[in-house]
Every structure is written in C-alpha cells, then in structure tokens.
Amino acid sequence: MTVIDNTQEHSTRILLVEDHASFRQALAFMFAREGEFAVAGQAGSLAEARAFLRKTPDAFDVAVVDLALPDGDGFGLIEELSSRPDMMTLVLSASLEPNRFARAVEAGAAGVLHKSAPIDDIVEAVRRLRSGEALLSPAEVVEMLRMVSSRKRQEEYETRRAIEKLTPREKQVLTALGEGLASKDIAEKLHVTVETERTHMVNILGKLDVHSRLQALVFAARHGLVEIR
Amino acid sequence: MLESGPFVSLSANAGSKREAIRGGINSLPEPPDNRREDLAAGNDPARRQRGRSRVLMTNEPRAYREGIAAVIGQLRPTVEVETVEPSALDYSIKRFSPDIVICSKATEVLKGKVRVWVELYPENGVLSVASIGGRRMEYTEIQLPDLLSIVGKAEELAKAN
C-alpha cells in the first residue's frame with residue numbers, strides 16, 4: 001500500500017486499486033501530470049485498499065478500481081465505496097463479460113471502462129465524473145440492470161432445476177448433513193452402508209454442481225433445503 | 001507522509017543473486033505539470049534521428065500499452081517509442097528494428113531478432129519475463145522502475161553495438 005501526501009487544494013484526490021503495479025504506476029503518472037488530479041493512494045489488493053480506507057477514510061474523491069484483484073473481485077469494495085457520500089468509483093476491467101460490468105454498476109460504480117480503452121479515456125472519465133457528468137446514459141444503466149436481473153432470474157431457475165433433480169433419499173442425506181452428521185453417522189441413521197451414503201453424496205454434488213459436502217450444505221441451507229439450528 | 005511501495009523480488013535463471021527492488025511511484029521523477037505529449041514519440045519528426053534507441057510496445061490491453069509508453073516517452077527522452085497492436089509485432093520488428101520490445105507474448109521472430117524484450121503480464125497474469133541479451137529474468141511483481149531500468153539496459157546494449 002502506498003500513501004502519498006502530495007494532495008493539492010481543490011485537486012481531485014484519486015485512489016488507484018490495481019494489482020498490475022507497472023500499469024497502476026503508469027496511471028498514477030498520467031494523473032499526476034494533470035494539475036487537477038492528485039493520486040492520494042495506491043493499492044494492489046482489496047486488503048490494501050481497505051486498510052487505506054480505514055487509515056484515511058476521507059482522503060479521496062474518486063477510486064479507480066480493477067475488478068480482478070488477487071484477493072477477490074472488486075464488487076464488495078465497490079459497494080463499500082459507493083456507500084460513502086461524495087465518493088465515486090470508476091471501474092476498470094480486462095474482462096469482456098458484460099455481466100461483470102453490469103454487476104459493477106449494480107454495486108454502485110459510477111462508470112465502467114474496459115482496459116482496451118485509450119489511456120486518455122480513463123483520465124477523461126475521471127474528469128467527467130468529477131464535473132458531475134454521467135458516464136453511462138440512463139438507457140445504458142437500464143440495460144445493465146436488466147442484464148443483472150436476467151442473470152439472477154437465470155440463476156434462480158437453475159437452482160430450482162437442481163433441487164428438483166434431487167431424489168427424496170438424497171434430500172434425506174442433505175437433511176442429515178445439516179444436522180452435522182458425518183458420513184458414517186448418516187449411513188447409520190438412514191440404514192444404509194457407508195458406500196451407499198457416499199454414492200448418494202456424489203450424486204448430490206453433481207446435481208447441485210458443487211465440489212464438497214460443505215458446499216452442498218451451504219447450498220442446501222441457502223435455499224431452504226435444510227434448517228440449521 | 002511518504003511510504004515506500006511494495007518490494008519486488010526477481011529471480012534470474014542464470015542463478016544470480018536475488019534482488020529486492022523497492023519500486024513505486026515515489027521512485028519516479030515528478031512529471032511536468034499539464035503537459036500532454038503524443039504517445040507515439042515518432043509523431044515528432046525531430047525525434048526520428050539516427051542513434052536513438054527504439055522501444056516497440058505491443059502489449060495488451062491498450063490502456064497498459066499507452067500508459068507505460070507515455071511514461072517511457074516522457075522519462076526517457078533519449079528513446080523513440082512506438083506502440084502497435086499485438087498482431088503487428090513481427091511486421092513491426094522488421095520495419096522498426098527496435099532495441100527493446102514490450103509485449104504480452106514473445107514470438108519466435110522477436111526472440112530471434114531483438115536482444116532485449118519483456119513479456120508483460122502474459123495471459124493477464126502477475127508474472128512477467130524479461131530477456132536481456134539472452135539472460136532471462138522473472139518478475140513476480142514488475143514495477144515501472146524495473147521497465148525503465150530494462151529500457152536503460154537496452155540502450156546500453158544498443159550503444160555497445
């Protein structure tokens with residue numbers, strides 16, 4: 001984490017969150033050579049960004065955030081930043097998936113740019129945000145939110161389909177898992193062999209598209225298949 | 001309050017010592033205020049002079065290519081910087097005769113014709129690789145000062161020739 005105290009009065013104070021250091025530093029250089037900006041901090045990860053925010057919560061006006069960071073995607077950070085008054089977030093991404101941009105807007109990003117944009121566009125985008133311009137037209141925002149809504153509906157549909165595929169026996173296995181029982185105990189409770197219990201579990205993992213008993217339990221709890229007491 | 005940037009560890013396959021390099025924006029000279037220069041230094045005819053080392057940049061994505069090119073162009077006025085799309089790499093090597101290439105993926109033409117090159121964040125990863133006169137260096141977190149240093153080494157090699 002780099003904290004730089006070269007802020008000038010009335011400068012737009014920028015926080016850069018980007019793990020590719022050479023690009024982050026080049027971006028800082030581009031902003032610094034424009035007199036209206038001051039790079040107030042640089043972070044290479046979510047953890048560094050959050051540490052910076054804790055240390056100097058009022059130190060910046062605009063955050064330029066990469067979506068793909070080594071310790072997670074930036075959506076949670078974008079939500080946190082968006083909850084702060086007078087703070088704006090510009091998201092940069094190398095991803096071509098429109099859903100990721102849509103999610104960034106949903107999380108509260110004021111603008112999104114792909115990294116294939118000219119570098120001057122990034123600087124100009126921050127300038128426009130600070131002057132109160134919207135980077136996204138209302139139609140673009142509506143389209144992105146529609147994409148998010150559509151994605152959620154698709155996920156809900158796939159979840160319902162996955163649950164419908166479970167047999168009554170498999171649901172019993174999940175219920176027993178929710179009671180905290182291990183494989184051997186589940187087999188005993190359901191009067192089956194351990195091998196049979198494991199076969200049921202393999203089938204459950206496949207149908208729910210998860211990779212572990214824990215993930216299956218989380219899925220089941222999240223969607224009301226089991227009740228955790 | 002100034003704090004130093006993250007350490008970078010780099011290792012050389014030649015077996016030389018590990019170096020930890022303190023990078024970060026603090027180690028760069030301050031840029032001039034409110035000056036905007038052409039990203040491609042070659043747009044200024046005065047710069048296309050014999051004897052100047054040539055930097056060819058074809059790395060993706062574009063924002064990286066242009067941003068780093070702008071810094072090199074400003075902080076290394078003794079070099080000529082050209083930026084092209086990755087698909088033009090091999091052709092541009094033949095046309096531009098660069099002394100150093102910064103790319104996303106090194107081609108056989110590049111490896112055969114250019115003494116200094118950097119594969120910067122191949123596959124959008126974090127690891128970068130440099131080849132300086134045949135000596136391979138790996139960077140787990142390459143910094144802008146590292147790139148400037150490599151450009152400097154390319155200039156030295158070019159002068160030595």
# chains A, B, ... in the order shown; residues from 1 in each chain; ligands from 1
$ select_by_dssp --residues "stretch 1-227 of chain A" --states "strand (DSSP E)" --output "PDB file with C-alpha atoms, in the first residue's frame"
ATOM      1  CA  THR A   2       1.324   3.407  -0.900  1.00  0.00           C
ATOM      2  CA  VAL A   3       0.126   6.541   0.813  1.00  0.00           C
ATOM      3  CA  THR A  12      -9.421  15.565  -7.300  1.00  0.00           C
ATOM      4  CA  ARG A  13      -7.931  13.005  -4.978  1.00  0.00           C
ATOM      5  CA  ILE A  14      -7.641   9.586  -6.517  1.00  0.00           C
ATOM      6  CA  LEU A  15      -7.253   6.120  -5.068  1.00  0.00           C
ATOM      7  CA  LEU A  16      -5.911   3.556  -7.520  1.00  0.00           C
ATOM      8  CA  VAL A  17      -6.706  -0.087  -6.822  1.00  0.00           C
ATOM      9  CA  PHE A  37      -5.578  15.456 -10.025  1.00  0.00           C
ATOM     10  CA  ALA A  38      -3.613  14.144  -7.091  1.00  0.00           C
ATOM     11  CA  VAL A  39      -3.046  10.448  -6.536  1.00  0.00           C
ATOM     12  CA  ALA A  40      -3.837  10.089  -2.853  1.00  0.00           C
ATOM     13  CA  GLY A  41      -3.074   6.404  -2.640  1.00  0.00           C
ATOM     14  CA  GLN A  42      -2.313   3.213  -4.463  1.00  0.00           C
ATOM     15  CA  ALA A  43      -3.304  -0.296  -3.507  1.00  0.00           C
ATOM     16  CA  VAL A  62     -12.597   9.053  -6.855  1.00  0.00           C
ATOM     17  CA  ALA A  63     -11.487   5.442  -6.736  1.00  0.00           C
ATOM     18  CA  VAL A  64     -10.310   3.736  -9.905  1.00  0.00           C
ATOM     19  CA  VAL A  65     -10.801   0.044  -9.220  1.00  0.00           C
ATOM     20  CA  ASP A  66      -9.782  -3.043 -11.143  1.00  0.00           C
ATOM     21  CA  ALA A  68      -9.897  -8.664 -10.914  1.00  0.00           C
ATOM     22  CA  LEU A  69      -7.735  -8.451  -7.812  1.00  0.00           C
ATOM     23  CA  GLY A  72     -11.101 -11.323  -4.791  1.00  0.00           C
ATOM     24  CA  ASP A  73     -13.211  -9.404  -7.243  1.00  0.00           C
ATOM     25  CA  MET A  88     -17.248   7.933  -6.838  1.00  0.00           C
ATOM     26  CA  THR A  89     -15.890   4.743  -8.300  1.00  0.00           C
ATOM     27  CA  LEU A  90     -14.674   4.175 -11.823  1.00  0.00           C
ATOM     28  CA  VAL A  91     -14.249   0.513 -12.612  1.00  0.00           C
ATOM     29  CA  LEU A  92     -11.641  -0.820 -14.995  1.00  0.00           C
ATOM     30  CA  SER A  93     -11.765  -4.345 -16.268  1.00  0.00           C
ATOM     31  CA  GLY A 111     -18.682   4.321 -14.593  1.00  0.00           C
ATOM     32  CA  VAL A 112     -17.080   1.286 -16.163  1.00  0.00           C
ATOM     33  CA  LEU A 113     -14.322   1.148 -18.737  1.00  0.00           C
ATOM     34  CA  HIS A 114     -12.658  -1.736 -20.467  1.00  0.00           C
TER      35      HIS A 114
END
$ interface_residues --of "chain A" --to "chain B" --cutoff "9 Å" --atoms "only C-alpha atoms" --output "ChimeraX atom specification"
/A:1-6,19-30,32-36,42,44,94,114-122
$ atom_distance --atom1 "atom CA of A:Thr159" --atom2 "atom CA of A:Lys189"
27.4 Å
$ closest_residue --among "B:Glu119, B:Asp90, B:Glu80, B:Glu108" --to "B:Glu138" --atoms "only C-alpha atoms"
B:Glu119
$ atom_distance --atom1 "atom CA of B:Trp117" --atom2 "atom CA of B:Lys94"
14.9 Å
